[in-house]
$ cat input36.cif   # mmCIF, C-alpha atoms and all ligand atoms
data_structure
loop_
_atom_site.label_atom_id
_atom_site.label_comp_id
_atom_site.auth_asym_id
_atom_site.auth_seq_id
_atom_site.Cartn_x
_atom_site.Cartn_y
_atom_site.Cartn_z
CA MET Q 1 0.00 0.00 0.00
CA ALA Q 2 1.10 3.55 -0.69
CA ILE Q 3 2.07 5.25 2.54
CA LYS Q 4 -0.81 6.82 4.41
CA ASP Q 5 -0.95 10.44 5.49
CA PRO Q 6 2.66 11.39 4.87
CA GLN Q 7 3.80 14.54 6.65
CA ILE Q 8 5.69 15.75 3.61
CA SER Q 9 5.12 15.49 -0.13
CA ILE Q 10 8.19 16.03 -2.26
CA ILE Q 11 7.13 17.20 -5.71
CA ALA Q 12 9.49 16.95 -8.67
CA PRO Q 13 8.62 17.47 -12.36
CA LEU Q 14 10.48 15.47 -14.98
CA TYR Q 15 10.89 16.08 -18.68
CA ASN Q 16 13.22 13.66 -20.46
CA GLU Q 17 15.27 13.04 -17.33
CA GLU Q 18 16.06 9.31 -17.75
CA GLU Q 19 19.75 10.09 -17.35
CA ILE Q 20 19.35 11.75 -13.98
CA LEU Q 21 16.47 9.74 -12.60
CA PRO Q 22 18.53 6.96 -10.95
CA LYS Q 23 20.64 9.56 -9.12
CA LEU Q 24 17.55 11.48 -8.07
CA ILE Q 25 15.93 8.36 -6.67
CA GLU Q 26 19.11 7.39 -4.87
CA ARG Q 27 19.27 10.78 -3.15
CA LEU Q 28 15.55 10.70 -2.32
CA ASP Q 29 15.75 7.15 -0.95
CA ALA Q 30 18.61 8.20 1.32
CA LEU Q 31 16.56 11.18 2.49
CA ILE Q 32 13.46 9.08 3.15
CA GLU Q 33 15.67 6.69 5.11
CA SER Q 34 17.45 9.29 7.21
CA SER Q 35 14.73 11.88 7.78
CA PRO Q 36 12.54 11.61 10.88
CA LEU Q 37 9.65 12.85 8.72
CA SER Q 38 7.30 10.55 6.86
CA ILE Q 39 7.67 11.36 3.20
CA GLU Q 40 5.90 10.64 -0.06
CA VAL Q 41 7.49 11.58 -3.38
CA VAL Q 42 5.31 12.71 -6.27
CA LEU Q 43 7.13 12.45 -9.59
CA ILE Q 44 5.43 14.04 -12.55
CA ASN Q 45 6.18 12.97 -16.08
CA ASP Q 46 5.63 16.06 -18.21
CA GLY Q 47 5.16 14.27 -21.52
CA SER Q 48 8.73 12.95 -21.77
CA LYS Q 49 9.80 11.23 -24.96
CA ASP Q 50 12.41 9.02 -23.29
CA LYS Q 51 12.11 6.23 -20.69
CA THR Q 52 11.11 8.58 -17.83
CA PRO Q 53 7.42 7.49 -17.67
CA GLN Q 54 8.21 3.78 -17.70
CA MET Q 55 10.88 4.24 -15.04
CA ILE Q 56 8.68 6.17 -12.63
CA THR Q 57 5.71 3.89 -13.27
CA SER Q 58 7.59 0.77 -12.26
CA LEU Q 59 9.06 2.61 -9.29
CA ALA Q 60 5.62 3.70 -8.06
CA LYS Q 61 4.25 0.20 -8.49
CA THR Q 62 6.91 -1.31 -6.27
CA ASN Q 63 7.86 1.42 -3.79
CA GLU Q 64 5.19 2.70 -1.43
CA HIS Q 65 6.91 6.05 -1.01
CA TYR Q 66 6.56 7.03 -4.66
CA THR Q 67 3.60 8.25 -6.69
CA ALA Q 68 3.92 8.68 -10.43
CA VAL Q 69 1.77 11.22 -12.22
CA LEU Q 70 1.71 10.91 -15.99
CA LEU Q 71 0.46 13.97 -17.84
CA SER Q 72 -1.26 13.51 -21.18
CA ARG Q 73 1.42 15.60 -22.94
CA ASN Q 74 4.09 18.20 -22.23
CA PHE Q 75 2.53 21.08 -20.30
CA GLY Q 76 5.71 22.84 -19.18
CA HIS Q 77 7.44 22.98 -15.82
CA GLN Q 78 5.01 25.28 -14.00
CA LYS Q 79 1.96 23.24 -14.91
CA ALA Q 80 3.73 19.95 -14.21
CA VAL Q 81 4.47 21.17 -10.69
CA THR Q 82 0.84 22.33 -10.41
CA ALA Q 83 -0.33 18.83 -11.35
CA GLY Q 84 1.97 17.32 -8.71
CA MET Q 85 0.63 19.72 -6.11
CA SER Q 86 -2.92 18.64 -6.91
CA VAL Q 87 -2.26 14.97 -6.09
CA ALA Q 88 0.03 15.53 -3.07
CA ARG Q 89 -1.41 14.01 0.09
CA CYS Q 90 0.85 15.53 2.70
CA THR Q 91 -0.62 16.57 6.03
CA GLU Q 92 2.00 19.17 6.90
CA ALA Q 93 4.04 20.55 4.02
CA ALA Q 94 4.92 20.22 0.35
CA PHE Q 95 8.51 20.43 -0.86
CA ILE Q 96 8.90 21.63 -4.46
CA ILE Q 97 12.17 20.70 -6.11
CA ASP Q 98 13.52 20.43 -9.65
CA GLY Q 99 14.01 16.89 -10.89
CA ASP Q 100 17.58 17.55 -12.00
CA LEU Q 101 19.08 17.76 -8.49
CA GLN Q 102 19.88 21.45 -8.80
CA ASP Q 103 17.88 21.92 -5.63
CA PRO Q 104 19.42 19.64 -2.98
CA PRO Q 105 16.58 17.57 -1.43
CA GLU Q 106 18.67 17.15 1.73
CA LEU Q 107 17.64 20.67 2.79
CA LEU Q 108 14.19 19.35 3.68
CA ASP Q 109 14.84 18.75 7.38
CA SER Q 110 16.36 22.19 7.95
CA PHE Q 111 13.54 23.91 6.01
CA TYR Q 112 11.03 21.98 8.08
CA THR Q 113 12.26 23.57 11.30
CA TYR Q 114 10.91 26.91 10.00
CA ILE Q 115 7.51 25.36 9.36
CA GLN Q 116 7.56 24.17 12.98
CA ASP Q 117 8.39 27.73 14.00
CA GLY Q 118 5.20 28.92 12.34
CA TYR Q 119 6.37 29.96 8.89
CA ASP Q 120 4.10 29.06 5.99
CA VAL Q 121 6.60 29.35 3.16
CA VAL Q 122 10.31 28.63 3.33
CA TYR Q 123 11.81 29.57 -0.01
CA ALA Q 124 15.36 29.05 -1.12
CA VAL Q 125 17.44 32.04 -2.21
CA ARG Q 126 20.27 31.32 -4.63
CA GLN Q 127 23.65 32.42 -3.44
CA LYS Q 128 25.66 31.36 -6.42
CA ARG Q 129 24.49 30.17 -9.76
CA LYS Q 130 26.52 27.65 -11.64
CA GLU Q 131 25.36 28.77 -15.08
CA ASN Q 132 26.97 30.53 -18.00
CA ILE Q 133 27.57 34.26 -17.80
CA PHE Q 134 24.74 35.16 -20.17
CA LYS Q 135 22.14 33.27 -18.14
CA LYS Q 136 23.50 34.65 -14.88
CA GLY Q 137 23.30 38.23 -16.15
CA ALA Q 138 19.82 37.74 -17.56
CA TYR Q 139 18.52 36.25 -14.31
CA PHE Q 140 20.16 39.02 -12.29
CA MET Q 141 18.51 41.77 -14.29
CA PHE Q 142 15.17 40.06 -14.61
CA TYR Q 143 14.61 39.54 -10.87
CA ARG Q 144 15.58 43.13 -10.09
CA LEU Q 145 13.45 44.60 -12.86
CA LEU Q 146 10.47 42.52 -11.84
CA LYS Q 147 10.83 43.50 -8.21
CA MET Q 148 10.86 47.16 -9.25
CA ILE Q 149 7.67 47.00 -11.30
CA ALA Q 150 5.61 44.21 -9.72
CA ASN Q 151 2.46 44.88 -7.70
CA ILE Q 152 3.56 42.48 -4.99
CA ASP Q 153 6.71 42.02 -3.00
CA LEU Q 154 8.61 39.36 -4.93
CA PRO Q 155 11.75 37.96 -3.35
CA ILE Q 156 14.90 38.35 -5.43
CA ASP Q 157 16.82 35.32 -6.75
CA SER Q 158 14.40 32.71 -5.58
CA GLY Q 159 12.67 30.20 -7.77
CA ASP Q 160 10.04 27.59 -7.11
CA PHE Q 161 12.27 25.59 -4.76
CA CYS Q 162 10.49 25.85 -1.42
CA LEU Q 163 8.72 24.11 1.41
CA MET Q 164 5.13 25.31 1.80
CA SER Q 165 2.68 24.54 4.55
CA LYS Q 166 -0.37 22.43 3.86
CA ARG Q 167 -2.64 25.47 3.94
CA VAL Q 168 -0.51 27.33 1.38
CA LEU Q 169 -0.57 24.19 -0.78
CA ASP Q 170 -4.37 24.05 -0.54
CA LEU Q 171 -4.65 27.74 -1.38
CA MET Q 172 -2.32 27.42 -4.37
CA ASN Q 173 -4.41 24.48 -5.56
CA SER Q 174 -7.51 26.64 -5.28
CA MET Q 175 -6.07 29.33 -7.55
CA PRO Q 176 -7.41 28.53 -11.00
CA GLU Q 177 -5.30 30.78 -13.22
CA GLU Q 178 -4.14 29.29 -16.48
CA SER Q 179 -0.99 31.32 -16.83
CA ARG Q 180 1.05 30.28 -13.82
CA TYR Q 181 4.02 31.94 -12.24
CA LEU Q 182 4.16 29.83 -9.11
CA ARG Q 183 6.73 31.86 -7.17
CA GLY Q 184 4.63 34.98 -7.76
CA MET Q 185 1.40 33.28 -6.68
CA ARG Q 186 3.19 32.01 -3.59
CA SER Q 187 4.30 35.52 -2.63
CA TRP Q 188 0.88 36.93 -3.38
CA LEU Q 189 -0.69 34.61 -0.79
CA GLY Q 190 1.18 36.29 2.04
CA PHE Q 191 1.46 34.69 5.51
CA LYS Q 192 4.85 34.38 7.18
CA GLN Q 193 7.48 33.67 4.52
CA ILE Q 194 11.20 33.36 4.92
CA GLY Q 195 14.09 33.11 2.46
CA VAL Q 196 16.92 30.72 3.23
CA PRO Q 197 20.18 31.02 1.27
CA TYR Q 198 21.50 27.99 -0.55
CA GLU Q 199 23.93 27.19 -3.28
CA ARG Q 200 22.26 26.05 -6.47
CA ASP Q 201 24.04 23.00 -7.80
CA LYS Q 202 24.84 22.16 -11.38
CA ARG Q 203 22.51 19.84 -13.20
CA ALA Q 204 23.31 16.25 -12.22
CA GLY Q 205 23.41 15.33 -15.90
CA GLY Q 206 21.77 15.93 -19.25
CA GLU Q 207 20.84 19.26 -20.75
CA SER Q 208 18.60 22.01 -19.45
CA LYS Q 209 15.02 21.29 -20.53
CA TYR Q 210 14.15 24.97 -20.42
CA SER Q 211 14.73 26.41 -23.86
CA LEU Q 212 15.46 30.11 -24.17
CA LYS Q 213 11.93 30.53 -25.48
CA MET Q 214 10.47 28.87 -22.39
CA LEU Q 215 12.63 31.01 -20.09
CA PHE Q 216 11.35 34.13 -21.81
CA GLY Q 217 7.83 32.77 -21.52
CA LEU Q 218 8.29 32.37 -17.78
CA ALA Q 219 9.75 35.86 -17.49
CA TYR Q 220 6.80 37.26 -19.49
CA ASN Q 221 4.34 35.55 -17.17
CA GLY Q 222 6.18 37.02 -14.20
CA ILE Q 223 5.96 40.52 -15.62
CA PHE Q 224 2.52 40.58 -17.18
CA ASN Q 225 0.75 38.55 -14.47
CA PHE Q 226 2.09 40.63 -11.64
CA SER Q 227 2.59 44.10 -13.02
CA GLU Q 228 0.56 46.79 -14.71
CA PHE Q 229 3.67 48.87 -15.20
CA PRO Q 230 4.10 48.14 -18.94
CA ILE Q 231 0.59 49.28 -19.78
CA LYS Q 232 0.96 52.42 -17.66
CA PHE Q 233 4.31 53.10 -19.26
CA ILE Q 234 2.60 53.24 -22.66
CA THR Q 235 0.29 56.01 -21.51
CA ARG Q 236 3.24 57.97 -20.20
CA ILE Q 237 5.22 57.60 -23.40
CA GLY Q 238 2.16 58.65 -25.38
CA ALA Q 239 1.64 61.74 -23.24
CA PHE Q 240 5.29 62.63 -23.56
CA GLY Q 241 5.15 62.19 -27.35
CA ILE Q 242 2.16 64.53 -27.61
CA LEU Q 243 3.99 67.13 -25.56
CA ILE Q 244 7.03 66.91 -27.82
CA SER Q 245 4.95 67.17 -30.98
CA ILE Q 246 3.10 70.28 -29.69
CA MET Q 247 6.41 71.90 -28.84
CA TYR Q 248 7.72 71.00 -32.26
CA VAL Q 249 4.72 72.57 -34.03
CA MET Q 250 5.07 75.73 -31.94
CA TYR Q 251 8.74 75.96 -32.78
CA TYR Q 252 7.92 75.48 -36.44
CA LEU Q 253 5.23 78.22 -36.43
CA ILE Q 254 7.45 80.69 -34.62
CA SER Q 255 10.47 80.05 -36.78
CA THR Q 256 8.54 80.32 -40.08
CA SER Q 257 6.22 83.30 -39.37
CA LEU Q 258 7.92 85.43 -36.73
CA LEU Q 259 11.55 84.87 -37.51
CA ASP Q 260 10.83 84.61 -41.20
CA LYS Q 261 12.89 81.50 -41.67
CA SER Q 262 12.07 79.10 -44.44
CA PRO Q 263 11.00 75.61 -43.39
CA PRO Q 264 13.83 73.09 -43.27
CA ALA Q 265 14.00 70.40 -45.88
CA GLY Q 266 13.63 67.79 -43.17
CA PHE Q 267 12.86 64.76 -45.20
CA THR Q 268 15.04 62.40 -43.18
CA SER Q 269 13.75 63.64 -39.87
CA ILE Q 270 10.17 63.12 -41.00
CA LEU Q 271 10.97 59.62 -42.09
CA PHE Q 272 12.67 58.98 -38.80
CA PHE Q 273 9.68 60.17 -36.79
CA ILE Q 274 7.23 58.17 -38.85
CA LEU Q 275 9.30 55.05 -38.44
CA PHE Q 276 10.01 55.63 -34.78
CA PHE Q 277 6.48 56.38 -33.69
CA GLY Q 278 5.07 53.76 -36.01
CA SER Q 279 7.23 51.14 -34.32
CA LEU Q 280 6.41 52.54 -30.92
CA ASN Q 281 2.76 52.05 -31.76
CA LEU Q 282 3.41 48.43 -32.62
CA VAL Q 283 5.28 47.83 -29.36
CA CYS Q 284 2.44 49.43 -27.42
CA LEU Q 285 -0.15 47.34 -29.21
CA GLY Q 286 1.97 44.31 -28.34
CA ILE Q 287 1.99 45.24 -24.67
CA ILE Q 288 -1.78 45.66 -24.63
CA GLY Q 289 -1.97 42.36 -26.46
CA GLU Q 290 0.01 40.63 -23.71
CA TYR Q 291 -2.65 41.49 -21.17
CA LEU Q 292 -5.43 40.71 -23.58
CA VAL Q 293 -4.09 37.30 -24.45
CA ARG Q 294 -3.95 36.49 -20.74
CA VAL Q 295 -7.59 37.50 -20.35
CA PHE Q 296 -8.39 35.36 -23.38
CA PHE Q 297 -6.82 32.24 -21.89
CA GLU Q 298 -8.29 32.79 -18.44
CA VAL Q 299 -11.77 33.32 -19.83
CA LYS Q 300 -11.65 29.98 -21.61
CA ASN Q 301 -11.36 28.46 -18.17
CA ARG Q 302 -9.74 25.27 -19.34
CA PRO Q 303 -8.12 22.91 -16.85
CA VAL Q 304 -4.48 23.86 -16.30
CA PHE Q 305 -3.21 20.33 -16.98
CA ILE Q 306 -4.57 16.91 -17.92
CA ILE Q 307 -3.54 13.87 -15.94
CA ASP Q 308 -3.44 10.62 -17.88
CA GLN Q 309 -2.69 8.33 -14.93
CA VAL Q 310 -1.76 8.44 -11.26
CA ILE Q 311 0.19 5.37 -10.22
CA ARG Q 312 0.61 4.26 -6.61
CA LYS Q 313 1.49 0.90 -5.16
CA ASP Q 314 -1.67 -1.26 -5.01
CA ALA Q 315 -3.79 1.70 -5.96
N1 LIG F 401 10.72 20.42 -16.82
C1 LIG F 401 9.42 19.98 -17.03
N2 LIG F 401 8.78 20.34 -18.17
C2 LIG F 401 9.35 21.11 -19.14
C3 LIG F 401 10.68 21.57 -18.90
C4 LIG F 401 11.32 21.22 -17.73
O1 LIG F 401 8.84 19.29 -16.19
O2 LIG F 401 8.72 21.37 -20.15
C5 LIG F 401 11.41 20.01 -15.58
C6 LIG F 401 12.80 19.45 -15.78
O3 LIG F 401 12.75 18.05 -15.99
C7 LIG F 401 13.48 19.79 -14.47
C8 LIG F 401 12.80 21.07 -14.05
O4 LIG F 401 11.60 21.17 -14.79
O5 LIG F 401 13.25 18.82 -13.48
C9 LIG F 401 13.68 22.28 -14.31
O6 LIG F 401 14.03 22.31 -15.68
P1 LIG F 401 15.53 22.60 -16.16
O7 LIG F 401 16.50 22.01 -15.22
O8 LIG F 401 15.60 22.16 -17.57
O9 LIG F 401 15.55 24.18 -16.09
P2 LIG F 401 16.80 25.09 -15.60
O10 LIG F 401 17.21 24.55 -14.27
O11 LIG F 401 17.83 24.90 -16.64
O12 LIG F 401 16.22 26.45 -15.52
MG MG F 402 17.76 22.69 -13.94
#

$ encode --input "input36.cif" --output "structure tokens"
Amino acid sequence: MAIKDPQISIIAPLYNEEEILPKLIERLDALIESSPLSIEVVLINDGSKDKTPQMITSLAKTNEHYTAVLLSRNFGHQKAVTAGMSVARCTEAAFIIDGDLQDPPELLDSFYTYIQDGYDVVYAVRQKRKENIFKKGAYFMFYRLLKMIANIDLPIDSGDFCLMSKRVLDLMNSMPEESRYLRGMRSWLGFKQIGVPYERDKRAGGESKYSLKMLFGLAYNGIFNFSEFPIKFITRIGAFGILISIMYVMYYLISTSLLDKSPPAGFTSILFFILFFGSLNLVCLGIIGEYLVRVFFEVKNRPVFIIDQVIRKDA
């Protein structure tokens, strides 16, 4: 039988992680063995094309600590974690980690002490990133920009890696939004939250499953789901542009009639302004579109993910 009423659910999404999986399971087994807490592990297969689903299925069938969740296709990291959160059966707290061992699972026991002290969310803050310089720089700027413009207080340099109390888990599960930025939703909930520094490890093997496009997608969701700054910025630019154009017309009138100067042959400058403001218009339409497209997807009210199968021992 699958273990009953575990205190902790460890949730890890997997997308083509057959290479890492044995190491992950080894580390989790050691943790289950050594930790005083009773633990279930929920592994989510996010539509992998390799052996990941078969591996976690046979594991869940034979090991009572493991549950395998097979999604009907690839839904992306955020939704895979969401699916795992929906089947977690913990009574005390849920531990969200990446499946590639970048977030050391061994931190569970020390994070748990904060839950005992009455915190609802213990999130990990990256001290050092073992990534290439481009990624490091992009992450650095993104978190600071987002903090500046977001409507809520978002912690800097922290991802989804966290331990959340059962009530935060339930509340997250009750939030129906389609476009998910989990770390933002977690902050939005409030309660007592604390950041704990840790060193983010290198991937235990294989390649990053987040393409640049997906990373940008995540960054977009962070910005447009939690900030109205871009849309307000448009209005300000527009107002500023109108001011400039009025001043320009006044200058033109004065210089032609009063000072009796002939109008300049400003062909290039006209072209420049047409091009510049034309493009600005397009960017602004795009920004409005970002919000609109989010409304569009939310209004459809589709389920966030589709589970094909949940596999537990004897269940
Ligand atoms: N992942 C997933 N679905 C995806 C992409 C990634 O479930 O579409 C998982 C992946 O298997 C890993 C975690 O999300 O366990 C983090 O992804 P990755 O390590 O590729 O991202 P990075 O750490 O490079 O940002
Ligand atoms: Mg990773």

$ atom_distance --input "input36.cif" --atom1 "CA of Val295 (chain Q)" --atom2 "CA of Thr82 (chain Q)"
20.0 Å

$ closest_residue --input "input36.cif" --among "Q:Glu64, Q:Glu18, Q:Glu40, Q:Asp50" --to "Asp314 (chain Q)" --atoms "all atoms listed in the file"
Q:Glu64

$ atom_distance --input "input36.cif" --atom1 "CA of Leu171 (chain Q)" --atom2 "CA of Gln78 (chain Q)"
16.1 Å

$ closest_atom_pairs --input "input36.cif" --of "chain Q" --to "ligand LIG 401 (chain F)" --cutoff "9 Å" --atoms "all atoms listed in the file" --output "tab-separated table"
residue	atom	partner	partner_atom	distance
Q:Ala12	CA	F:LIG401	O5	6.4
Q:Pro13	CA	F:LIG401	O1	4.2
Q:Leu14	CA	F:LIG401	O3	3.6
Q:Tyr15	CA	F:LIG401	O3	3.8
Q:Asn16	CA	F:LIG401	O3	6.3
Q:Glu17	CA	F:LIG401	O3	5.8
Q:Ile44	CA	F:LIG401	O1	7.2
Q:Asn45	CA	F:LIG401	O1	6.9
Q:Asp46	CA	F:LIG401	O1	5.0
Q:Gly47	CA	F:LIG401	N2	7.8
Q:Ser48	CA	F:LIG401	N2	8.2
Q:Asn74	CA	F:LIG401	O2	6.0
Q:Phe75	CA	F:LIG401	O2	6.2
Q:Gly76	CA	F:LIG401	O2	3.5
Q:His77	CA	F:LIG401	N2	3.8
Q:Gln78	CA	F:LIG401	O1	7.4
Q:Lys79	CA	F:LIG401	O1	8.0
Q:Ala80	CA	F:LIG401	O1	5.5
Q:Val81	CA	F:LIG401	O1	7.3
Q:Ile97	CA	F:LIG401	O5	7.7
Q:Asp98	CA	F:LIG401	O5	4.2
Q:Gly99	CA	F:LIG401	O5	3.3
Q:Asp100	CA	F:LIG401	O5	4.7
Q:Leu101	CA	F:LIG401	O5	7.7
Q:Gln102	CA	F:LIG401	O10	6.8
Q:Glu131	CA	F:LIG401	O11	8.6
Q:Lys202	CA	F:LIG401	O10	8.5
Q:Arg203	CA	F:LIG401	O7	6.7
Q:Gly206	CA	F:LIG401	O8	8.9
Q:Glu207	CA	F:LIG401	O8	6.8
Q:Ser208	CA	F:LIG401	O8	3.5
Q:Lys209	CA	F:LIG401	O8	3.1
Q:Tyr210	CA	F:LIG401	O8	4.3
Q:Ser211	CA	F:LIG401	O8	7.6
Q:Met214	CA	F:LIG401	O2	8.0
Q:Leu215	CA	F:LIG401	O12	7.4

$ residues_around --input "input36.cif" --residues "Ile231 (chain Q)" --least-positions-apart "2" --cutoff "12 Å" --atoms "only C-alpha atoms" --output "CSV table (one decimal) with C-alpha atoms, keeping the file's coordinate frame"
chain,number,residue,atom,x,y,z
Q,149,ILE,CA,7.7,47.0,-11.3
Q,223,ILE,CA,6.0,40.5,-15.6
Q,224,PHE,CA,2.5,40.6,-17.2
Q,225,ASN,CA,0.8,38.6,-14.5
Q,226,PHE,CA,2.1,40.6,-11.6
Q,227,SER,CA,2.6,44.1,-13.0
Q,228,GLU,CA,0.6,46.8,-14.7
Q,229,PHE,CA,3.7,48.9,-15.2
Q,233,PHE,CA,4.3,53.1,-19.3
Q,234,ILE,CA,2.6,53.2,-22.7
Q,235,THR,CA,0.3,56.0,-21.5
Q,236,ARG,CA,3.2,58.0,-20.2
Q,237,ILE,CA,5.2,57.6,-23.4
Q,238,GLY,CA,2.2,58.6,-25.4
Q,283,VAL,CA,5.3,47.8,-29.4
Q,284,CYS,CA,2.4,49.4,-27.4
Q,285,LEU,CA,-0.2,47.3,-29.2
Q,286,GLY,CA,2.0,44.3,-28.3
Q,287,ILE,CA,2.0,45.2,-24.7
Q,288,ILE,CA,-1.8,45.7,-24.6
Q,289,GLY,CA,-2.0,42.4,-26.5
Q,290,GLU,CA,0.0,40.6,-23.7
Q,291,TYR,CA,-2.6,41.5,-21.2
Q,292,LEU,CA,-5.4,40.7,-23.6
